[in-house]
>>> print(open('upload.cif').read())   # mmCIF, C-alpha atoms
data_final
loop_
_atom_site.group_PDB
_atom_site.id
_atom_site.type_symbol
_atom_site.label_atom_id
_atom_site.label_comp_id
_atom_site.auth_asym_id
_atom_site.auth_seq_id
_atom_site.Cartn_x
_atom_site.Cartn_y
_atom_site.Cartn_z
ATOM 1 C CA MET A 1 55.137 155.560 101.708
ATOM 2 C CA LYS A 2 55.559 155.901 105.485
ATOM 3 C CA ILE A 3 53.296 157.898 107.760
ATOM 4 C CA LEU A 4 54.575 158.728 111.242
ATOM 5 C CA VAL A 5 51.849 158.510 113.880
ATOM 6 C CA LEU A 6 53.291 160.398 116.819
ATOM 7 C CA TYR A 7 51.530 160.607 120.165
ATOM 8 C CA TYR A 8 51.918 161.631 123.796
ATOM 9 C CA SER A 9 49.782 159.736 126.274
ATOM 10 C CA ASN A 10 49.900 159.883 130.037
ATOM 11 C CA GLY A 11 46.820 157.817 130.832
ATOM 12 C CA GLY A 12 46.635 155.671 127.712
ATOM 13 C CA ASN A 13 43.612 157.154 125.929
ATOM 14 C CA THR A 14 45.607 159.053 123.305
ATOM 15 C CA LYS A 15 47.747 155.963 122.724
ATOM 16 C CA ARG A 16 44.653 153.882 121.995
ATOM 17 C CA LEU A 17 43.431 156.503 119.521
ATOM 18 C CA ALA A 18 46.852 156.596 117.828
ATOM 19 C CA GLU A 19 46.828 152.806 117.500
ATOM 20 C CA GLN A 20 43.479 152.936 115.718
ATOM 21 C CA ILE A 21 44.686 155.718 113.424
ATOM 22 C CA ALA A 22 47.777 153.655 112.567
ATOM 23 C CA LYS A 23 45.493 150.721 111.665
ATOM 24 C CA GLY A 24 43.535 153.007 109.357
ATOM 25 C CA VAL A 25 46.744 154.204 107.696
ATOM 26 C CA GLU A 26 47.845 150.590 107.204
ATOM 27 C CA SER A 27 44.559 149.805 105.437
ATOM 28 C CA VAL A 28 45.618 151.962 102.480
ATOM 29 C CA ASN A 29 47.535 150.038 99.817
ATOM 30 C CA GLY A 30 51.206 151.009 99.654
ATOM 31 C CA VAL A 31 51.158 152.973 102.900
ATOM 32 C CA ASP A 32 52.897 151.920 106.123
ATOM 33 C CA SER A 33 52.509 153.513 109.532
ATOM 34 C CA VAL A 34 55.202 154.043 112.135
ATOM 35 C CA LEU A 35 53.602 154.400 115.582
ATOM 36 C CA LYS A 36 55.798 156.083 118.200
ATOM 37 C CA HIS A 37 55.525 157.817 121.547
ATOM 38 C CA THR A 38 57.092 161.279 121.574
ATOM 39 C CA ARG A 39 59.963 160.081 123.771
ATOM 40 C CA ASP A 40 60.916 157.427 121.184
ATOM 41 C CA VAL A 41 60.869 159.535 118.004
ATOM 42 C CA THR A 42 64.158 160.259 116.258
ATOM 43 C CA LYS A 43 65.190 162.794 113.653
ATOM 44 C CA ASP A 44 65.342 159.977 111.101
ATOM 45 C CA ASP A 45 61.692 159.122 111.787
ATOM 46 C CA PHE A 46 60.749 162.640 110.676
ATOM 47 C CA LEU A 47 63.045 162.568 107.659
ATOM 48 C CA GLU A 48 61.724 159.201 106.435
ATOM 49 C CA ALA A 49 58.045 160.082 106.854
ATOM 50 C CA ALA A 50 55.968 161.276 103.919
ATOM 51 C CA GLY A 51 53.381 162.522 106.416
ATOM 52 C CA ILE A 52 52.965 163.061 110.142
ATOM 53 C CA ILE A 53 49.889 162.605 112.315
ATOM 54 C CA ALA A 54 50.325 163.952 115.858
ATOM 55 C CA GLY A 55 48.115 163.222 118.844
ATOM 56 C CA SER A 56 48.205 164.954 122.205
ATOM 57 C CA PRO A 57 45.847 165.402 125.128
ATOM 58 C CA VAL A 58 44.960 168.946 126.131
ATOM 59 C CA TYR A 59 45.681 170.228 129.610
ATOM 60 C CA PHE A 60 43.985 173.523 130.525
ATOM 61 C CA GLY A 61 43.632 174.419 126.833
ATOM 62 C CA THR A 62 47.244 173.681 125.898
ATOM 63 C CA MET A 63 48.700 170.617 124.172
ATOM 64 C CA ALA A 64 50.888 168.412 126.347
#
>>> encode(input="upload.cif", output="structure tokens")
Amino acid sequence: MKILVLYYSNGGNTKRLAEQIAKGVESVNGVDSVLKHTRDVTKDDFLEAAGIIAGSPVYFGTMA
């Protein structure tokens, strides 16, 4: 099973959180994580994923 861990990070903090989440996903037997920045995600990444975890900073109350 693949889990897509998708993130947007301008300063690096959200990326570091996404990396730790991906490690947690990988700790589950039979589950792989695919860690990608929003600019690098493809349609196939979404189609192949059994689940999606999205991370985004908030700017003035709105997701990036």
>>> residues_around(input="upload.cif", residues="Val34 of chain A", least_positions_apart="4", cutoff="9 Å", atoms="all atoms listed in the file", output="JSON, numbers by chain")
{"A": [2, 3, 4, 5, 6, 22, 45, 49]}
>>> resolve_selection(input="upload.cif", expression="the PyMOL selection byres ((chain A and resi 58) around 12)", output="PyMOL selection string")
chain A and resi 8-10+13-14+55-57+59-64
>>> axis_aligned_box(input="upload.cif", around="segment 4-15 of chain A", padding_each_side="8 Å", output="AutoDock Vina command-line options")
--center_x 49.1 --center_y 158.7 --center_z 121.0 --size_x 27.0 --size_y 22.0 --size_z 35.6
>>> closest_residue(input="upload.cif", among="A:Asp40, A:Met1, A:Gly30, A:Lys23", to="Ile52 of chain A", atoms="all atoms listed in the file")
A:Met1
>>> atom_distance(input="upload.cif", atom1="atom CA of Tyr7 of chain A", atom2="atom CA of Thr38 of chain A")
5.8 Å
>>> closest_residue(input="upload.cif", among="A:Glu48, A:Val41, A:Ile53, A:Val31", to="Glu19 of chain A", atoms="only C-alpha atoms")
A:Ile53
>>> atom_distance(input="upload.cif", atom1="atom CA of Gln20 of chain A", atom2="atom CA of Arg39 of chain A")
19.7 Å
>>> build_atoms(input="upload.cif", residues="segment 23-34 of chain A", atoms="all heavy atoms", output="PDB file, in the frame of the given file")
ATOM      1  N   LYS A  23      46.179 151.807 112.371  1.00  0.00           N
ATOM      2  CA  LYS A  23      45.493 150.721 111.665  1.00  0.00           C
ATOM      3  C   LYS A  23      44.812 151.244 110.404  1.00  0.00           C
ATOM      4  O   LYS A  23      44.834 150.596 109.361  1.00  0.00           O
ATOM      5  CB  LYS A  23      44.449 150.060 112.566  1.00  0.00           C
ATOM      6  CG  LYS A  23      44.989 149.079 113.549  1.00  0.00           C
ATOM      7  CD  LYS A  23      43.833 148.428 114.285  1.00  0.00           C
ATOM      8  CE  LYS A  23      44.311 147.558 115.423  1.00  0.00           C
ATOM      9  NZ  LYS A  23      43.178 146.951 116.147  1.00  0.00           N
ATOM     10  N   GLY A  24      44.188 152.398 110.515  1.00  0.00           N
ATOM     11  CA  GLY A  24      43.535 153.007 109.357  1.00  0.00           C
ATOM     12  C   GLY A  24      44.533 153.353 108.272  1.00  0.00           C
ATOM     13  O   GLY A  24      44.281 153.141 107.082  1.00  0.00           O
ATOM     14  N   VAL A  25      45.681 153.886 108.657  1.00  0.00           N
ATOM     15  CA  VAL A  25      46.744 154.204 107.696  1.00  0.00           C
ATOM     16  C   VAL A  25      47.199 152.931 106.993  1.00  0.00           C
ATOM     17  O   VAL A  25      47.373 152.902 105.772  1.00  0.00           O
ATOM     18  CB  VAL A  25      47.924 154.910 108.410  1.00  0.00           C
ATOM     19  CG1 VAL A  25      49.137 154.996 107.508  1.00  0.00           C
ATOM     20  CG2 VAL A  25      47.515 156.293 108.892  1.00  0.00           C
ATOM     21  N   GLU A  26      47.383 151.868 107.753  1.00  0.00           N
ATOM     22  CA  GLU A  26      47.845 150.590 107.204  1.00  0.00           C
ATOM     23  C   GLU A  26      46.844 149.984 106.225  1.00  0.00           C
ATOM     24  O   GLU A  26      47.224 149.182 105.372  1.00  0.00           O
ATOM     25  CB  GLU A  26      48.115 149.583 108.328  1.00  0.00           C
ATOM     26  CG  GLU A  26      49.293 149.921 109.195  1.00  0.00           C
ATOM     27  CD  GLU A  26      50.626 149.556 108.568  1.00  0.00           C
ATOM     28  OE1 GLU A  26      50.664 148.661 107.702  1.00  0.00           O
ATOM     29  OE2 GLU A  26      51.628 150.168 108.953  1.00  0.00           O
ATOM     30  N   SER A  27      45.580 150.371 106.318  1.00  0.00           N
ATOM     31  CA  SER A  27      44.559 149.805 105.437  1.00  0.00           C
ATOM     32  C   SER A  27      44.648 150.354 104.012  1.00  0.00           C
ATOM     33  O   SER A  27      44.001 149.830 103.106  1.00  0.00           O
ATOM     34  CB  SER A  27      43.158 150.050 106.009  1.00  0.00           C
ATOM     35  OG  SER A  27      42.811 151.413 105.906  1.00  0.00           O
ATOM     36  N   VAL A  28      45.442 151.380 103.813  1.00  0.00           N
ATOM     37  CA  VAL A  28      45.618 151.962 102.480  1.00  0.00           C
ATOM     38  C   VAL A  28      46.763 151.224 101.784  1.00  0.00           C
ATOM     39  O   VAL A  28      47.855 151.084 102.348  1.00  0.00           O
ATOM     40  CB  VAL A  28      45.927 153.471 102.579  1.00  0.00           C
ATOM     41  CG1 VAL A  28      46.166 154.065 101.204  1.00  0.00           C
ATOM     42  CG2 VAL A  28      44.806 154.197 103.311  1.00  0.00           C
ATOM     43  N   ASN A  29      46.514 150.765 100.571  1.00  0.00           N
ATOM     44  CA  ASN A  29      47.535 150.038  99.817  1.00  0.00           C
ATOM     45  C   ASN A  29      48.775 150.900  99.598  1.00  0.00           C
ATOM     46  O   ASN A  29      48.667 152.057  99.198  1.00  0.00           O
ATOM     47  CB  ASN A  29      46.993 149.595  98.451  1.00  0.00           C
ATOM     48  CG  ASN A  29      45.979 148.486  98.576  1.00  0.00           C
ATOM     49  OD1 ASN A  29      45.994 147.723  99.538  1.00  0.00           O
ATOM     50  ND2 ASN A  29      45.093 148.390  97.607  1.00  0.00           N
ATOM     51  N   GLY A  30      49.939 150.322  99.885  1.00  0.00           N
ATOM     52  CA  GLY A  30      51.206 151.009  99.654  1.00  0.00           C
ATOM     53  C   GLY A  30      51.609 151.990 100.731  1.00  0.00           C
ATOM     54  O   GLY A  30      52.592 152.711 100.569  1.00  0.00           O
ATOM     55  N   VAL A  31      50.851 152.031 101.819  1.00  0.00           N
ATOM     56  CA  VAL A  31      51.158 152.973 102.900  1.00  0.00           C
ATOM     57  C   VAL A  31      51.430 152.188 104.176  1.00  0.00           C
ATOM     58  O   VAL A  31      50.668 151.308 104.554  1.00  0.00           O
ATOM     59  CB  VAL A  31      49.996 153.967 103.123  1.00  0.00           C
ATOM     60  CG1 VAL A  31      50.350 154.965 104.213  1.00  0.00           C
ATOM     61  CG2 VAL A  31      49.657 154.695 101.835  1.00  0.00           C
ATOM     62  N   ASP A  32      52.534 152.522 104.840  1.00  0.00           N
ATOM     63  CA  ASP A  32      52.897 151.920 106.123  1.00  0.00           C
ATOM     64  C   ASP A  32      52.847 152.985 107.200  1.00  0.00           C
ATOM     65  O   ASP A  32      53.143 154.149 106.955  1.00  0.00           O
ATOM     66  CB  ASP A  32      54.314 151.339 106.080  1.00  0.00           C
ATOM     67  CG  ASP A  32      54.429 150.186 105.105  1.00  0.00           C
ATOM     68  OD1 ASP A  32      53.509 149.356 105.074  1.00  0.00           O
ATOM     69  OD2 ASP A  32      55.437 150.124 104.385  1.00  0.00           O
ATOM     70  N   SER A  33      52.495 152.580 108.410  1.00  0.00           N
ATOM     71  CA  SER A  33      52.509 153.513 109.532  1.00  0.00           C
ATOM     72  C   SER A  33      53.661 153.166 110.470  1.00  0.00           C
ATOM     73  O   SER A  33      54.053 152.006 110.593  1.00  0.00           O
ATOM     74  CB  SER A  33      51.183 153.465 110.298  1.00  0.00           C
ATOM     75  OG  SER A  33      51.008 152.222 110.930  1.00  0.00           O
ATOM     76  N   VAL A  34      54.187 154.195 111.097  1.00  0.00           N
ATOM     77  CA  VAL A  34      55.202 154.043 112.135  1.00  0.00           C
ATOM     78  C   VAL A  34      54.608 154.714 113.367  1.00  0.00           C
ATOM     79  O   VAL A  34      54.431 155.931 113.392  1.00  0.00           O
ATOM     80  CB  VAL A  34      56.535 154.720 111.729  1.00  0.00           C
ATOM     81  CG1 VAL A  34      57.549 154.604 112.845  1.00  0.00           C
ATOM     82  CG2 VAL A  34      57.064 154.117 110.439  1.00  0.00           C
TER      83      VAL A  34
END
